[in-house]
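J.: This is run35.txt, which holds compact mmCIF, C-alpha atoms and all ligand atoms:
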```
# COMPACT_ATOMS: atom_id res chain seq x y z
CA MET A 29 3.42 -52.66 0.76
CA LYS A 30 4.11 -49.07 -0.14
CA LEU A 31 2.92 -46.30 -2.40
CA LEU A 32 4.51 -46.02 -5.85
CA GLU A 33 7.64 -43.89 -5.54
CA GLU A 34 6.53 -41.64 -8.42
CA ILE A 35 3.23 -40.88 -6.67
CA GLU A 36 5.01 -40.13 -3.44
CA LYS A 37 7.57 -37.84 -5.05
CA ARG A 38 5.27 -35.94 -7.45
CA HIS A 39 4.53 -32.36 -6.57
CA SER A 40 3.65 -29.30 -8.62
CA GLY A 41 7.12 -27.78 -8.61
CA ARG A 42 7.88 -24.22 -9.74
CA ALA A 43 11.68 -24.12 -9.52
CA TYR A 44 12.89 -25.05 -13.01
CA ALA A 45 16.43 -25.22 -14.38
CA ASN A 46 17.20 -23.85 -17.87
CA THR A 47 18.54 -27.26 -18.90
CA PRO A 48 16.77 -28.46 -22.05
CA VAL A 49 14.71 -31.68 -21.90
CA SER A 50 15.54 -34.16 -24.66
CA ASP A 51 12.94 -35.01 -27.32
CA ASP A 52 13.25 -38.67 -26.24
CA MET A 53 12.05 -37.71 -22.78
CA ILE A 54 9.25 -35.53 -24.13
CA GLU A 55 8.14 -38.42 -26.35
CA LEU A 56 8.04 -40.78 -23.36
CA ILE A 57 5.88 -38.28 -21.48
CA LEU A 58 3.53 -38.01 -24.47
CA GLU A 59 3.39 -41.80 -24.80
CA ALA A 60 2.42 -42.04 -21.12
CA GLY A 61 -0.41 -39.59 -21.82
CA ARG A 62 -1.57 -41.43 -24.95
CA ARG A 63 -1.83 -44.71 -23.04
CA ALA A 64 -4.30 -43.35 -20.50
CA PRO A 65 -7.78 -44.88 -20.31
CA SER A 66 -10.67 -42.83 -21.69
CA CYS A 67 -14.44 -43.25 -21.70
CA ALA A 68 -15.32 -45.62 -24.62
CA ASN A 69 -11.73 -45.02 -25.79
CA THR A 70 -12.69 -41.59 -27.16
CA GLN A 71 -9.22 -40.19 -26.40
CA ALA A 72 -10.43 -36.60 -26.41
CA TRP A 73 -6.95 -35.15 -26.15
CA ASN A 74 -4.50 -33.27 -28.34
CA PHE A 75 -1.09 -32.15 -27.16
CA ILE A 76 0.74 -29.06 -28.43
CA ILE A 77 4.40 -29.20 -27.46
CA LEU A 78 6.28 -25.93 -27.10
CA LYS A 79 10.00 -25.80 -26.41
CA ASP A 80 12.35 -22.82 -26.20
CA SER A 81 11.49 -20.89 -29.35
CA GLN A 82 9.74 -17.80 -30.65
CA ALA A 83 6.42 -19.64 -30.40
CA ARG A 84 7.16 -20.26 -26.75
CA ASP A 85 7.91 -16.58 -26.05
CA LYS A 86 4.56 -15.64 -27.56
CA ALA A 87 2.72 -18.37 -25.62
CA ASN A 88 4.34 -17.20 -22.37
CA GLU A 89 2.58 -13.85 -22.80
CA ALA A 90 -0.76 -15.61 -22.18
CA LEU A 91 0.25 -16.83 -18.72
CA SER A 92 -1.40 -15.28 -15.70
CA GLY A 93 0.81 -13.19 -13.42
CA GLY A 94 0.82 -15.90 -10.75
CA ASN A 95 2.26 -18.38 -13.23
CA TYR A 96 5.39 -16.26 -13.98
CA TRP A 97 7.51 -19.26 -12.96
CA GLY A 98 6.24 -21.26 -15.97
CA LYS A 99 8.27 -19.04 -18.34
CA LYS A 100 11.44 -20.67 -17.07
CA ALA A 101 10.26 -24.25 -17.60
CA PRO A 102 11.81 -25.46 -20.87
CA VAL A 103 8.77 -27.49 -21.97
CA MET A 104 5.16 -26.36 -22.14
CA ILE A 105 2.48 -28.84 -23.22
CA VAL A 106 -0.91 -27.36 -24.05
CA VAL A 107 -3.64 -29.98 -23.68
CA VAL A 108 -6.54 -29.34 -26.04
CA THR A 109 -9.96 -31.00 -26.25
CA THR A 110 -13.41 -30.64 -27.80
CA PRO A 111 -16.34 -30.62 -25.37
CA ASP A 112 -18.19 -33.05 -27.70
CA GLY A 113 -15.11 -35.21 -28.29
CA GLY A 114 -15.62 -37.43 -25.28
CA CYS A 115 -18.13 -39.90 -23.93
CA PRO A 116 -21.61 -38.46 -23.19
CA ALA A 117 -22.53 -40.91 -20.38
CA HIS A 118 -24.58 -39.51 -17.46
CA LYS A 119 -24.28 -36.02 -18.99
CA LEU A 120 -20.96 -35.73 -17.19
CA PRO A 121 -17.98 -34.07 -18.93
CA TYR A 122 -15.98 -37.27 -19.24
CA PHE A 123 -13.62 -35.66 -21.73
CA MET A 124 -12.20 -33.71 -18.80
CA MET A 125 -11.74 -36.89 -16.79
CA ASP A 126 -9.96 -38.51 -19.76
CA ILE A 127 -7.62 -35.55 -19.97
CA GLY A 128 -7.00 -35.66 -16.23
CA LEU A 129 -6.00 -39.29 -16.49
CA ALA A 130 -3.67 -38.56 -19.39
CA VAL A 131 -2.07 -35.62 -17.58
CA GLU A 132 -1.49 -37.60 -14.39
CA ASN A 133 0.17 -40.36 -16.45
CA MET A 134 2.43 -37.68 -17.95
CA LEU A 135 3.25 -36.18 -14.57
CA LEU A 136 4.19 -39.56 -13.11
CA GLN A 137 6.32 -40.42 -16.15
CA ALA A 138 8.06 -37.06 -15.69
CA VAL A 139 8.85 -37.89 -12.04
CA HIS A 140 10.23 -41.24 -13.19
CA LEU A 141 12.59 -39.29 -15.50
CA LYS A 142 13.61 -37.07 -12.55
CA LEU A 143 11.74 -34.10 -14.04
CA LEU A 144 9.27 -31.72 -12.46
CA GLY A 145 5.78 -31.31 -13.95
CA HIS A 146 3.10 -28.77 -13.11
CA PRO A 147 -0.46 -28.57 -14.53
CA THR A 148 -2.08 -25.12 -14.66
CA ALA A 149 -5.34 -23.32 -15.36
CA GLY A 150 -3.88 -19.79 -15.10
CA TRP A 151 -3.62 -18.42 -18.66
CA ASN A 152 -5.68 -16.48 -21.18
CA GLU A 153 -7.37 -19.08 -23.36
CA GLU A 154 -8.33 -16.74 -26.19
CA SER A 155 -4.84 -15.36 -26.65
CA LEU A 156 -3.21 -18.79 -26.37
CA LYS A 157 -5.64 -20.22 -28.95
CA GLU A 158 -4.82 -17.40 -31.34
CA THR A 159 -1.07 -17.74 -30.85
CA LEU A 160 -1.18 -21.48 -31.45
CA ASN A 161 -3.77 -21.46 -34.26
CA ILE A 162 -6.11 -23.74 -32.33
CA PRO A 163 -9.43 -24.15 -34.19
CA GLU A 164 -12.47 -22.37 -32.72
CA GLU A 165 -14.34 -25.53 -31.60
CA TYR A 166 -11.46 -26.72 -29.41
CA ARG A 167 -10.87 -25.76 -25.77
CA ILE A 168 -7.63 -25.63 -23.83
CA ALA A 169 -8.08 -27.88 -20.80
CA THR A 170 -4.72 -27.31 -19.18
CA VAL A 171 -1.16 -26.15 -19.78
CA VAL A 172 1.47 -28.39 -18.23
CA PHE A 173 5.07 -27.36 -17.63
CA PHE A 174 7.98 -29.79 -17.51
CA GLY A 175 11.68 -29.42 -16.81
CA TYR A 176 14.56 -30.32 -14.57
CA PRO A 177 14.43 -29.04 -11.00
CA GLY A 178 16.50 -25.87 -10.53
CA ASP A 179 17.17 -23.19 -7.97
CA MET A 180 14.44 -21.14 -6.33
CA GLU A 181 16.00 -17.67 -6.67
CA HIS A 182 13.39 -16.32 -9.07
CA LEU A 183 10.42 -17.54 -6.97
CA SER A 184 8.25 -15.38 -4.71
CA ASP A 185 8.52 -16.01 -0.96
CA LYS A 186 5.16 -17.80 -0.99
CA HIS A 187 6.25 -20.08 -3.81
CA LYS A 188 9.61 -20.76 -2.14
CA GLU A 189 7.72 -21.88 0.94
CA GLN A 190 5.40 -24.09 -1.11
CA GLU A 191 8.35 -25.64 -2.92
CA ASN A 192 9.59 -27.04 0.37
CA GLY A 193 6.13 -27.76 1.78
CA GLY A 194 4.78 -31.16 2.64
CA LEU A 195 1.62 -32.91 1.52
CA ASP A 196 -1.44 -30.70 1.95
CA ARG A 197 -4.45 -33.01 1.76
CA LYS A 198 -7.82 -33.52 3.47
CA PRO A 199 -7.72 -36.27 6.07
CA MET A 200 -8.59 -39.73 4.71
CA ASP A 201 -11.62 -40.12 7.01
CA GLU A 202 -13.12 -36.90 5.63
CA ILE A 203 -13.16 -38.17 2.06
CA THR A 204 -13.73 -41.93 2.37
CA HIS A 205 -17.03 -43.73 3.02
CA TRP A 206 -16.63 -47.48 3.46
CA ASP A 207 -19.77 -49.61 2.83
CA GLY A 208 -21.88 -46.55 1.85
CA TRP A 209 -21.86 -42.74 2.37
C1 LIG A 301 -6.48 -28.37 -13.21
C2 LIG A 301 -5.38 -27.78 -12.36
C3 LIG A 301 -5.08 -26.43 -12.49
C4 LIG A 301 -4.02 -25.87 -11.75
N1 LIG A 301 -3.68 -24.56 -11.98
C5 LIG A 301 -2.57 -24.05 -11.37
C6 LIG A 301 -2.12 -22.75 -11.72
O1 LIG A 301 -2.66 -22.07 -12.59
N2 LIG A 301 -1.02 -22.29 -11.07
C7 LIG A 301 -0.36 -23.02 -10.12
O2 LIG A 301 0.63 -22.53 -9.58
N3 LIG A 301 -0.75 -24.27 -9.81
C8 LIG A 301 -1.84 -24.83 -10.40
N4 LIG A 301 -2.24 -26.11 -10.14
C9 LIG A 301 -1.47 -26.93 -9.16
C10 LIG A 301 -2.24 -27.11 -7.87
O3 LIG A 301 -2.25 -25.91 -7.14
C11 LIG A 301 -1.60 -28.27 -7.07
O4 LIG A 301 -1.77 -29.46 -7.79
C12 LIG A 301 -2.22 -28.44 -5.69
O5 LIG A 301 -1.98 -27.31 -4.88
C13 LIG A 301 -1.64 -29.66 -4.96
O6 LIG A 301 -0.25 -29.58 -4.89
P1 LIG A 301 0.70 -30.71 -5.48
O7 LIG A 301 0.33 -30.89 -6.94
O8 LIG A 301 2.09 -30.18 -5.30
O9 LIG A 301 0.46 -31.97 -4.71
C14 LIG A 301 -3.28 -26.69 -10.83
C15 LIG A 301 -3.60 -28.04 -10.72
C16 LIG A 301 -4.62 -28.59 -11.49
C17 LIG A 301 -4.89 -30.08 -11.38
```
Let me see the file written as structure tokens.

T.:
Amino acid sequence: MKLLEEIEKRHSGRAYANTPVSDDMIELILEAGRRAPSCANTQAWNFIILKDSQARDKANEALSGGNYWGKKAPVMIVVVTTPDGGCPAHKLPYFMMDIGLAVENMLLQAVHLKLLGHPTAGWNEESLKETLNIPEEYRIATVVFFGYPGDMEHLSDKHKEQENGGLDRKPMDEITHWDGW
């Protein structure tokens, strides 16, 4: 028994090549997202796909300084939701869980296609919404970058180090509670 290879290999990479990603690949990634489970099948997700273009240059301006590396990734997918678009159970924001499931599906599909994927929260929501004409009632949940792995030249020393780093996770016994808390 072993972990799925895609799970093992996935990491939030920052070293992207300029090589374009085919629309067929992007469509597979989107299909993986669309097939995710969601609370009462509410599917509270919308995906805005930005490739190398003028729209992309404008969207890049909304990225936080720390996410400079995202400008080089050839594909940017902006994941949009409405806070009331999901399931209201337990007064928990299940729409965010639904989106998380969709995004992880997309990231794993990307690994399967030998691509890197990286979800982010570092961008200016207001300016991105304006650039992309996103209606007022919608929120941007995450911006995910995809592309082929490339060289690390343009990365900061910290990011170079992280690119080669291993798995940084809490120990299993700190987060698991068998037969009760
Ligand atoms: C919702 C969310 C927001 C994130 N935002 C950023 C971000 O703005 N910039 C960044 O470099 N990484 C971001 N990350 C990536 C995390 O830092 C990364 O997943 C975490 O350090 C674990 O590393 P790994 O994904 O390589 O296993 C984000 C991840 C998630 C799930």

J.: Kindly give the distance, in Å, that separates CA of Val108 in chain A and CA of Ile77 in chain A, rounded to a single decimal.

T.: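 The value is 11.0 Å.
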
J.: Taking only C-alpha atoms into account, name the residue in A:Glu153, A:Glu158, A:Glu165, A:Asp85 that is nearest to Thr109 in chain A.

T.: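 Between A:Glu153, A:Glu158, A:Glu165, A:Asp85, the residue approaching Thr109 in chain A most closely is A:Glu165.
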
J.: Residues within 10 Å of ligand LIG 301 (chain A) (all atoms listed in the file), as a count of residues only?

T.: 42

J.: Using all atoms listed in the file, which residue out of A:Val107, A:Cys67, A:Ile168, A:Ala45 lies closest to Met125 in chain A?

T.: A:Cys67

J.: Just the number, please: distance in Å from CA of Phe75 in chain A to CA of Val106 in chain A, one decimal.

T.: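 We find that CA of Phe75 in chain A and CA of Val106 in chain A lie 5.7 Å from each other.
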
J.: Determine, counting only C-alpha atoms, which protein, DNA and RNA residues have an atom within 8 Å of an atom of Ala83 in chain A; residues of the same chain fewer than 3 positions away are not included. Present the result as a list in words.

T.: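 Counting only the stated atoms, we get Leu78, Asp80, Lys86, Ala87, Thr159 and Leu160 of chain A.
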
J.: Print the selection's residues with C-alpha atoms to a file, as a short mmCIF file (atom, residue, chain, number, x, y, z; two decimals), keeping the file's coordinate frame.

T.:
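selection-v2.cif, freshly written:
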```cif
data_model
loop_
_atom_site.label_atom_id
_atom_site.label_comp_id
_atom_site.auth_asym_id
_atom_site.auth_seq_id
_atom_site.Cartn_x
_atom_site.Cartn_y
_atom_site.Cartn_z
CA LEU A 78 6.28 -25.93 -27.10
CA ASP A 80 12.35 -22.82 -26.20
CA LYS A 86 4.56 -15.64 -27.56
CA ALA A 87 2.72 -18.37 -25.62
CA THR A 159 -1.07 -17.74 -30.85
CA LEU A 160 -1.18 -21.48 -31.45
#
```

J.: Work out how far CA of Glu89 in chain A is from CA of Phe123 in chain A, in Å to one decimal.

T.: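 Between CA of Phe123 in chain A and CA of Glu89 in chain A the gap is 27.2 Å.
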
J.: Could you tell me which of A:Thr204, A:Thr110, A:Ser50, A:Asn88 comes closest to Arg167 in chain A if we count all atoms listed in the file?

T.: A:Thr110

J.: Could you tell me which of A:Pro65, A:Pro121, A:Gly175, A:Pro163 comes closest to Met53 in chain A if we count all atoms listed in the file?

T.: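 Counting all atoms listed in the file, the residue closest to Met53 in chain A is A:Gly175.
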
J.: Every residue with an atom at most 12 Å from (5.0, -37.7, -25.7) (file coordinates; all atoms listed in the file) is what I'm after, so could you write them as a PyMOL selection string?

T.: chain A and resi 50-63+74-78+103-105+107+130-131+133-135+137-138+174

J.: Restricting the output to C-alpha atoms, write the selected residues as a CSV table (one decimal), in the frame of the given file.

T.:
```
chain,number,residue,atom,x,y,z
A,50,SER,CA,15.5,-34.2,-24.7
A,51,ASP,CA,12.9,-35.0,-27.3
A,52,ASP,CA,13.2,-38.7,-26.2
A,53,MET,CA,12.0,-37.7,-22.8
A,54,ILE,CA,9.2,-35.5,-24.1
A,55,GLU,CA,8.1,-38.4,-26.4
A,56,LEU,CA,8.0,-40.8,-23.4
A,57,ILE,CA,5.9,-38.3,-21.5
A,58,LEU,CA,3.5,-38.0,-24.5
A,59,GLU,CA,3.4,-41.8,-24.8
A,60,ALA,CA,2.4,-42.0,-21.1
A,61,GLY,CA,-0.4,-39.6,-21.8
A,62,ARG,CA,-1.6,-41.4,-25.0
A,63,ARG,CA,-1.8,-44.7,-23.0
A,74,ASN,CA,-4.5,-33.3,-28.3
A,75,PHE,CA,-1.1,-32.2,-27.2
A,76,ILE,CA,0.7,-29.1,-28.4
A,77,ILE,CA,4.4,-29.2,-27.5
A,78,LEU,CA,6.3,-25.9,-27.1
A,103,VAL,CA,8.8,-27.5,-22.0
A,104,MET,CA,5.2,-26.4,-22.1
A,105,ILE,CA,2.5,-28.8,-23.2
A,107,VAL,CA,-3.6,-30.0,-23.7
A,130,ALA,CA,-3.7,-38.6,-19.4
A,131,VAL,CA,-2.1,-35.6,-17.6
A,133,ASN,CA,0.2,-40.4,-16.4
A,134,MET,CA,2.4,-37.7,-18.0
A,135,LEU,CA,3.2,-36.2,-14.6
A,137,GLN,CA,6.3,-40.4,-16.2
A,138,ALA,CA,8.1,-37.1,-15.7
A,174,PHE,CA,8.0,-29.8,-17.5
```

J.: Find the residues around Ala68 in chain A up to 10 Å (only C-alpha atoms counted), leave out those fewer than 4 positions away in its own chain, and share them as a PyMOL selection string.

T.: chain A and resi 114-117+122

J.: Enclose range 55-68 of chain A, meaning all of its atoms listed in the file, in a box aligned along x, y and z, pad it by 5 Å on each side, and list the centre and edge lengths in Å to one decimal, as lines of an AutoDock Vina configuration file.

T.:
```
center_x = -3.6
center_y = -41.8
center_z = -23.3
size_x = 33.5
size_y = 17.6
size_z = 16.0
```

J.: N, CA and C atoms are what I want for range 111-142 of chain A; can you complete it accordingly and write them as a short mmCIF file (atom, residue, chain, number, x, y, z; two decimals), keeping the file's coordinate frame?

T.:
```
data_model
loop_
_atom_site.label_atom_id
_atom_site.label_comp_id
_atom_site.auth_asym_id
_atom_site.auth_seq_id
_atom_site.Cartn_x
_atom_site.Cartn_y
_atom_site.Cartn_z
N PRO A 111 -15.32 -30.24 -26.34
CA PRO A 111 -16.34 -30.62 -25.37
C PRO A 111 -17.21 -31.77 -25.88
N ASP A 112 -17.37 -31.93 -27.21
CA ASP A 112 -18.19 -33.05 -27.70
C ASP A 112 -17.31 -34.22 -28.15
N GLY A 113 -16.03 -34.17 -27.82
CA GLY A 113 -15.11 -35.21 -28.29
C GLY A 113 -15.04 -36.41 -27.38
N GLY A 114 -15.71 -36.34 -26.25
CA GLY A 114 -15.62 -37.43 -25.28
C GLY A 114 -16.89 -38.23 -25.20
N CYS A 115 -17.01 -38.98 -24.14
CA CYS A 115 -18.13 -39.90 -23.93
C CYS A 115 -19.28 -39.14 -23.24
N PRO A 116 -20.52 -39.27 -23.75
CA PRO A 116 -21.61 -38.46 -23.19
C PRO A 116 -22.33 -39.10 -21.99
N ALA A 117 -21.82 -40.18 -21.44
CA ALA A 117 -22.53 -40.91 -20.38
C ALA A 117 -22.90 -40.00 -19.20
N HIS A 118 -24.09 -40.21 -18.66
CA HIS A 118 -24.58 -39.51 -17.46
C HIS A 118 -24.55 -37.99 -17.58
N LYS A 119 -24.41 -37.48 -18.77
CA LYS A 119 -24.28 -36.02 -18.99
C LYS A 119 -23.14 -35.43 -18.15
N LEU A 120 -22.14 -36.22 -17.90
CA LEU A 120 -20.96 -35.73 -17.19
C LEU A 120 -19.87 -35.41 -18.22
N PRO A 121 -19.02 -34.42 -17.94
CA PRO A 121 -17.98 -34.07 -18.93
C PRO A 121 -16.80 -35.04 -18.85
N TYR A 122 -17.03 -36.25 -19.35
CA TYR A 122 -15.98 -37.27 -19.24
C TYR A 122 -14.71 -36.92 -20.00
N PHE A 123 -14.84 -36.04 -21.01
CA PHE A 123 -13.62 -35.66 -21.73
C PHE A 123 -12.61 -35.02 -20.79
N MET A 124 -13.12 -34.33 -19.76
CA MET A 124 -12.20 -33.71 -18.80
C MET A 124 -11.55 -34.76 -17.90
N MET A 125 -12.33 -35.81 -17.59
CA MET A 125 -11.74 -36.89 -16.79
C MET A 125 -10.65 -37.60 -17.59
N ASP A 126 -10.95 -37.83 -18.89
CA ASP A 126 -9.96 -38.51 -19.76
C ASP A 126 -8.65 -37.71 -19.79
N ILE A 127 -8.81 -36.40 -19.92
CA ILE A 127 -7.62 -35.55 -19.97
C ILE A 127 -6.87 -35.58 -18.64
N GLY A 128 -7.64 -35.59 -17.55
CA GLY A 128 -7.00 -35.66 -16.23
C GLY A 128 -6.18 -36.93 -16.07
N LEU A 129 -6.74 -38.03 -16.59
CA LEU A 129 -6.00 -39.29 -16.49
C LEU A 129 -4.73 -39.23 -17.33
N ALA A 130 -4.85 -38.66 -18.52
CA ALA A 130 -3.67 -38.56 -19.39
C ALA A 130 -2.60 -37.67 -18.74
N VAL A 131 -3.04 -36.57 -18.17
CA VAL A 131 -2.07 -35.62 -17.58
C VAL A 131 -1.39 -36.26 -16.37
N GLU A 132 -2.14 -36.97 -15.55
CA GLU A 132 -1.49 -37.60 -14.39
C GLU A 132 -0.47 -38.65 -14.85
N ASN A 133 -0.82 -39.42 -15.89
CA ASN A 133 0.17 -40.36 -16.45
C ASN A 133 1.44 -39.61 -16.84
N MET A 134 1.27 -38.46 -17.48
CA MET A 134 2.43 -37.68 -17.95
C MET A 134 3.25 -37.17 -16.77
N LEU A 135 2.54 -36.71 -15.74
CA LEU A 135 3.25 -36.18 -14.57
C LEU A 135 4.06 -37.28 -13.88
N LEU A 136 3.47 -38.46 -13.79
CA LEU A 136 4.19 -39.56 -13.11
C LEU A 136 5.37 -40.03 -13.95
N GLN A 137 5.19 -40.06 -15.27
CA GLN A 137 6.32 -40.42 -16.15
C GLN A 137 7.44 -39.39 -15.99
N ALA A 138 7.06 -38.12 -15.87
CA ALA A 138 8.06 -37.06 -15.69
C ALA A 138 8.84 -37.30 -14.39
N VAL A 139 8.15 -37.63 -13.31
CA VAL A 139 8.85 -37.89 -12.04
C VAL A 139 9.83 -39.05 -12.23
N HIS A 140 9.36 -40.07 -12.95
CA HIS A 140 10.23 -41.24 -13.19
C HIS A 140 11.52 -40.83 -13.93
N LEU A 141 11.42 -39.79 -14.75
CA LEU A 141 12.59 -39.29 -15.50
C LEU A 141 13.35 -38.22 -14.72
N LYS A 142 12.97 -38.05 -13.45
CA LYS A 142 13.61 -37.07 -12.55
C LYS A 142 13.32 -35.62 -12.98
#
```
